[in-house]
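Participant: Coordinates in entry-v6.pdb, PDB, C-alpha atoms, are listed below.
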```pdb
MODEL        1
ATOM      1  CA  MET K   4      16.430   0.311   0.522
ATOM      2  CA  ASP K   5      14.775  -1.717   3.291
ATOM      3  CA  ASP K   6      16.029   0.715   5.939
ATOM      4  CA  PHE K   7      14.927   3.726   3.906
ATOM      5  CA  ALA K   8      11.489   2.195   3.362
ATOM      6  CA  GLN K   9      11.156   1.433   7.065
ATOM      7  CA  GLN K  10      12.210   4.966   8.043
ATOM      8  CA  LEU K  11       9.863   6.477   5.462
ATOM      9  CA  ASP K  12       7.057   4.276   6.785
ATOM     10  CA  SER K  13       7.681   5.287  10.397
ATOM     11  CA  VAL K  14       7.623   8.996   9.470
ATOM     12  CA  ILE K  15       4.905   9.172   6.802
ATOM     13  CA  THR K  16       2.249   6.915   8.311
ATOM     14  CA  PRO K  17       1.738   8.902  11.550
ATOM     15  CA  LEU K  18       1.694  12.147   9.524
ATOM     16  CA  GLN K  19      -0.910  10.964   6.999
ATOM     17  CA  PRO K  20      -3.888  12.663   8.710
ATOM     18  CA  ILE K  21      -2.007  15.977   8.646
ATOM     19  CA  ILE K  22      -0.883  15.446   5.042
ATOM     20  CA  PHE K  23      -4.432  14.530   4.015
ATOM     21  CA  THR K  24      -5.822  17.630   5.741
ATOM     22  CA  GLY K  25      -3.186  19.784   4.007
ATOM     23  CA  GLY K  26      -4.238  18.322   0.668
ATOM     24  CA  LEU K  27      -7.904  19.083   1.347
ATOM     25  CA  VAL K  28      -7.043  22.633   2.411
ATOM     26  CA  ALA K  29      -5.003  23.139  -0.774
ATOM     27  CA  LEU K  30      -7.893  21.783  -2.857
ATOM     28  CA  GLY K  31     -10.318  24.100  -1.025
ATOM     29  CA  VAL K  32      -8.045  27.095  -1.635
ATOM     30  CA  ALA K  33      -7.772  26.146  -5.314
ATOM     31  CA  ALA K  34     -11.583  25.942  -5.546
ATOM     32  CA  PHE K  35     -11.908  29.318  -3.816
ATOM     33  CA  PHE K  36      -9.482  30.942  -6.254
ATOM     34  CA  GLN K  37     -11.229  29.333  -9.239
ATOM     35  CA  ILE K  38     -14.636  30.569  -8.078
ATOM     36  CA  SER K  39     -13.156  34.033  -7.503
ATOM     37  CA  ILE K  40     -11.649  34.026 -10.989
ATOM     38  CA  ILE K  41     -14.978  33.090 -12.552
ATOM     39  CA  ARG K  42     -16.856  35.781 -10.597
ATOM     40  CA  PHE K  43     -14.214  38.426 -11.297
ATOM     41  CA  SER K  44     -14.020  37.675 -15.008
ATOM     42  CA  LYS K  45     -17.819  38.030 -15.318
ATOM     43  CA  LYS K  46     -17.690  41.507 -13.759
ATOM     44  CA  THR K  47     -14.724  42.852 -15.698
ATOM     45  CA  ALA K  48     -12.801  42.223 -18.887
ATOM     46  CA  LEU K  49      -9.458  42.296 -16.997
ATOM     47  CA  LYS K  50      -7.508  39.075 -16.410
ATOM     48  CA  PRO K  51      -7.161  38.309 -12.683
ATOM     49  CA  LYS K  52      -3.497  37.205 -12.733
ATOM     50  CA  LEU K  53      -2.997  37.088  -8.969
ATOM     51  CA  LYS K  54      -6.023  34.869  -8.383
ATOM     52  CA  SER K  55      -5.055  32.701 -11.342
ATOM     53  CA  ARG K  56      -1.591  32.184  -9.835
ATOM     54  CA  GLY K  57      -3.171  31.358  -6.481
ATOM     55  CA  PHE K  58      -5.334  28.700  -8.112
ATOM     56  CA  THR K  59      -2.339  27.240  -9.951
ATOM     57  CA  ILE K  60      -0.168  27.161  -6.809
ATOM     58  CA  ALA K  61      -2.910  25.624  -4.633
ATOM     59  CA  LEU K  62      -3.690  23.008  -7.277
ATOM     60  CA  ALA K  63       0.029  22.217  -7.671
ATOM     61  CA  ILE K  64       0.328  21.740  -3.897
ATOM     62  CA  PHE K  65      -2.672  19.390  -3.878
ATOM     63  CA  LEU K  66      -1.361  17.348  -6.801
ATOM     64  CA  SER K  67       2.113  17.209  -5.218
ATOM     65  CA  ILE K  68       0.632  15.839  -2.007
ATOM     66  CA  VAL K  69      -1.313  13.171  -3.921
ATOM     67  CA  ALA K  70       1.756  12.219  -5.988
ATOM     68  CA  GLY K  71       3.919  12.155  -2.842
ATOM     69  CA  GLU K  72       1.472   9.814  -1.118
ATOM     70  CA  PHE K  73       1.445   7.420  -4.064
ATOM     71  CA  ALA K  74       5.242   7.545  -4.323
ATOM     72  CA  SER K  75       5.796   6.931  -0.604
ATOM     73  CA  VAL K  76       3.400   3.961  -0.525
ATOM     74  CA  THR K  77       5.099   2.512  -3.620
ATOM     75  CA  ILE K  78       8.565   2.906  -2.057
ATOM     76  CA  ILE K  79       7.424   1.374   1.239
ATOM     77  CA  LYS K  80       5.714  -1.582  -0.470
ATOM     78  CA  SER K  81       8.791  -2.168  -2.641
ATOM     79  CA  GLY K  82      11.031  -2.130   0.440
ATOM     80  CA  ALA K  83       8.707  -4.577   2.193
ATOM     81  CA  VAL K  84       8.752  -6.966  -0.784
ATOM     82  CA  ASP K  85      12.562  -6.734  -0.957
ATOM     83  CA  GLU K  86      12.796  -7.575   2.740
ATOM     84  CA  ILE K  87      10.358 -10.487   2.404
ATOM     85  CA  ARG K  88      12.276 -11.932  -0.540
ATOM     86  CA  SER K  89      15.593 -11.466   1.266
ATOM     87  CA  ILE K  90      14.377 -13.461   4.261
ATOM     88  CA  LEU K  91      12.826 -16.146   2.037
ATOM     89  CA  SER K  92      16.090 -16.540   0.115
ATOM     90  CA  GLU K  93      17.574 -18.264   3.153
ATOM     91  CA  GLN K  94      16.995 -21.885   4.158
ATOM     92  CA  VAL K  95      13.466 -22.342   5.527
ATOM     93  CA  VAL K  96      13.345 -24.167   8.857
ATOM     94  CA  SER K  97       9.575 -24.250   9.443
ATOM     95  CA  VAL K  98       6.312 -22.815   8.163
ATOM     96  CA  SER K  99       3.100 -22.488  10.160
ATOM     97  CA  ILE K 100      -0.313 -21.026   9.442
ATOM     98  CA  ASN K 101      -2.531 -20.013  12.348
ATOM     99  CA  GLY K 102      -0.207 -21.979  14.604
ATOM    100  CA  GLY K 103      -0.424 -25.260  12.684
ATOM    101  CA  GLN K 104       2.016 -26.867  10.274
ATOM    102  CA  ILE K 105       1.103 -27.292   6.623
ATOM    103  CA  SER K 106       1.648 -30.420   4.581
ATOM    104  CA  ASN K 107       3.827 -28.954   1.825
ATOM    105  CA  PRO K 108       5.480 -25.677   2.878
ATOM    106  CA  ALA K 109       7.802 -25.597  -0.174
ATOM    107  CA  ILE K 110       4.849 -24.817  -2.473
ATOM    108  CA  LEU K 111       3.784 -21.891  -0.302
ATOM    109  CA  VAL K 112       7.333 -20.528   0.062
ATOM    110  CA  SER K 113       7.809 -20.769  -3.705
ATOM    111  CA  ALA K 114       4.576 -18.835  -4.262
ATOM    112  CA  LEU K 115       5.739 -16.145  -1.834
ATOM    113  CA  LYS K 116       9.097 -15.841  -3.590
ATOM    114  CA  ASN K 117       7.218 -15.275  -6.861
ATOM    115  CA  MET K 118       4.660 -12.897  -5.353
ATOM    116  CA  CYS K 119       3.482 -10.207  -7.751
ATOM    117  CA  ASN K 120       1.095  -7.304  -8.038
ATOM    118  CA  THR K 121      -2.037  -8.689  -9.618
ATOM    119  CA  PRO K 122      -4.415  -6.099 -11.056
ATOM    120  CA  ALA K 123      -7.568  -5.555  -9.027
ATOM    121  CA  HIS K 124     -10.565  -7.571 -10.189
ATOM    122  CA  HIS K 125     -13.618  -6.460  -8.187
ATOM    123  CA  SER K 126     -12.962  -8.781  -5.294
ATOM    124  CA  HIS K 127     -11.940  -8.249  -1.706
ATOM    125  CA  PRO K 128      -9.979 -10.098   0.953
ATOM    126  CA  THR K 129     -11.909 -12.393   3.265
ATOM    127  CA  LYS K 130     -10.538 -14.944   5.737
ATOM    128  CA  ASN K 131      -7.230 -14.044   7.395
ATOM    129  CA  TYR K 132      -4.341 -16.464   7.901
ATOM    130  CA  GLN K 133      -1.284 -15.702  10.026
ATOM    131  CA  LEU K 134       1.771 -17.134   8.342
ATOM    132  CA  ILE K 135       5.060 -17.565  10.188
ATOM    133  CA  VAL K 136       8.127 -18.643   8.240
ATOM    134  CA  ASN K 137      11.239 -19.447  10.261
ATOM    135  CA  THR K 138      14.486 -19.305   8.307
ATOM    136  CA  VAL K 139      18.115 -19.475   9.351
ATOM    137  CA  ARG K 140      18.136 -15.667   9.001
ATOM    138  CA  GLY K 141      15.120 -15.045  11.194
ATOM    139  CA  THR K 142      11.355 -15.136  11.436
ATOM    140  CA  LEU K 143       9.020 -13.704   8.837
ATOM    141  CA  GLN K 144       5.429 -12.969   9.780
ATOM    142  CA  LEU K 145       2.887 -12.313   7.040
ATOM    143  CA  ASP K 146      -0.864 -12.009   6.951
ATOM    144  CA  LEU K 147      -2.538 -13.792   4.052
ATOM    145  CA  GLN K 148      -6.135 -12.985   3.221
ATOM    146  CA  LYS K 149      -8.141 -15.209   0.930
ATOM    147  CA  ASP K 150      -9.597 -13.550  -2.154
ATOM    148  CA  SER K 151     -13.394 -13.468  -2.319
ATOM    149  CA  ALA K 152     -13.537 -14.484  -5.994
ATOM    150  CA  ASN K 153     -10.552 -16.793  -6.552
ATOM    151  CA  PRO K 154     -10.238 -19.547  -3.883
ATOM    152  CA  ASN K 155      -6.511 -20.067  -4.606
ATOM    153  CA  GLU K 156      -5.554 -16.375  -4.500
ATOM    154  CA  TYR K 157      -4.302 -14.721  -1.314
ATOM    155  CA  TRP K 158      -3.543 -11.087  -0.614
ATOM    156  CA  VAL K 159      -0.224 -10.710   1.234
ATOM    157  CA  TYR K 160       0.229  -8.130   4.001
ATOM    158  CA  TYR K 161       3.449  -7.442   5.900
ATOM    159  CA  PRO K 162       2.617  -6.327   9.460
ATOM    160  CA  LYS K 163       6.195  -5.194  10.181
ATOM    161  CA  PHE K 164       5.568  -1.939   8.261
ATOM    162  CA  LEU K 165       2.651   0.281   9.276
ATOM    163  CA  THR K 166       1.711   0.963   5.658
ATOM    164  CA  THR K 167       1.711  -2.689   4.639
ATOM    165  CA  GLN K 168      -0.495  -3.747   7.537
ATOM    166  CA  THR K 169      -3.434  -2.376   5.557
ATOM    167  CA  ASN K 170      -2.005  -2.178   2.016
ATOM    168  CA  GLU K 171      -1.225  -5.457   0.322
ATOM    169  CA  VAL K 172       2.365  -5.980  -0.823
ATOM    170  CA  GLY K 173       1.291  -8.486  -3.469
ATOM    171  CA  ARG K 174      -0.799 -11.533  -4.197
ATOM    172  CA  ILE K 175      -0.040 -15.201  -4.526
ATOM    173  CA  CYS K 176      -1.879 -18.111  -6.079
ATOM    174  CA  THR K 177      -1.484 -21.444  -4.309
ATOM    175  CA  ASP K 178      -3.517 -24.387  -3.090
ATOM    176  CA  ALA K 179      -1.086 -25.050  -0.209
ATOM    177  CA  ILE K 180      -3.435 -23.396   2.300
ATOM    178  CA  ARG K 181      -6.542 -25.303   1.220
ATOM    179  CA  ASP K 182      -6.312 -27.745   4.171
ATOM    180  CA  VAL K 183      -5.976 -25.047   6.850
ATOM    181  CA  ASN K 184      -9.048 -23.992   8.812
TER
ENDMDL
END
```
Could you express the structure from this file as structure tokens?

Facilitator:
Amino acid sequence: MDDFAQQLDSVITPLQPIIFTGGLVALGVAAFFQISIIRFSKKTALKPKLKSRGFTIALAIFLSIVAGEFASVTIIKSGAVDEIRSILSEQVVSVSINGGQISNPAILVSALKNMCNTPAHHSHPTKNYQLIVNTVRGTLQLDLQKDSANPNEYWVYYPKFLTTQTNEVGRICTDAIRDVN
């Protein structure tokens, strides 16, 4: 799934402006057909089937685009989490944050292995930390951003995928980063 998620990410992300524009056009067409239906039905007692179908088709296209976007982001984030967990399942050689070593990397690695999707709670990410975990399998680079409300919560971003550079893959709660400036 990691390869599929990476391929999907490399195709979908550059096309998002075009997909978004297509969705707006479909929504505009749906609105046009709906307005036409309302105007036509006021003038005559006949049912405007063609315009009604046009509205339905345009609305279906818009909703399909929205659903496709949500599905692709979910697939990409899931693939990123799978890849992160796969790398972290190997023996960890070293852990650094912003270029410096931390006192107890096992706590942080454990938190990353148990990373989950925490529901949003009216906060936002603040300070950014670059985390590099070296394992026998390879190097894992993550961006951790401190939560504005909970000082022990960090939003996890995976810069290897375009989508997960700006969309969090999960959140962790740990005090292992407290000493890092």

Participant: Please, what distance in Å, to one decimal, runs between atom CA of Ala109 of chain K and atom CA of Thr167 of chain K?

Facilitator: 24.2 Å

Participant: Care to translate the PyMOL selection byres ((chain K and resi 30) around 10) into actual residues of this file, as a ChimeraX atom specification?

Facilitator: /K:24-29,31-36,58,61-66

Participant: From the list K:Ser106, K:Asn153, K:Thr169, K:Leu115, which residue is nearest Ile87 of chain K when using only C-alpha atoms?

Facilitator: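 Once distances to Ile87 of chain K are computed over only C-alpha atoms, the minimum belongs to K:Leu115.
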
Participant: Contacts of Thr77 of chain K at 12 Å or less, counting all atoms listed in the file, minus same-chain residues fewer than 4 places along, as a PyMOL selection string?

Facilitator: chain K and resi 8+11-12+70-73+81-84+120+166-167+170-173

Participant: Go ahead and compute the interatomic distance for atom CA of Asn137 of chain K and atom CA of Asn155 of chain K, in Å to one decimal.

Facilitator: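 Distance between the two atoms: 23.2 Å.
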
Participant: Compare K:Gln37, K:Gln94, K:Ser99, K:Ser151 by their minimum atom-to-atom distance to Val139 of chain K, counting only C-alpha atoms, and give me the closest one.

Facilitator: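 Selected residue with least distance to Val139 of chain K: K:Gln94.
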
Participant: Enter the distance from atom CA of Trp158 of chain K to atom CA of Leu143 of chain K, in Å, rounded to one decimal.

Facilitator: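 A separation of 15.9 Å between them.
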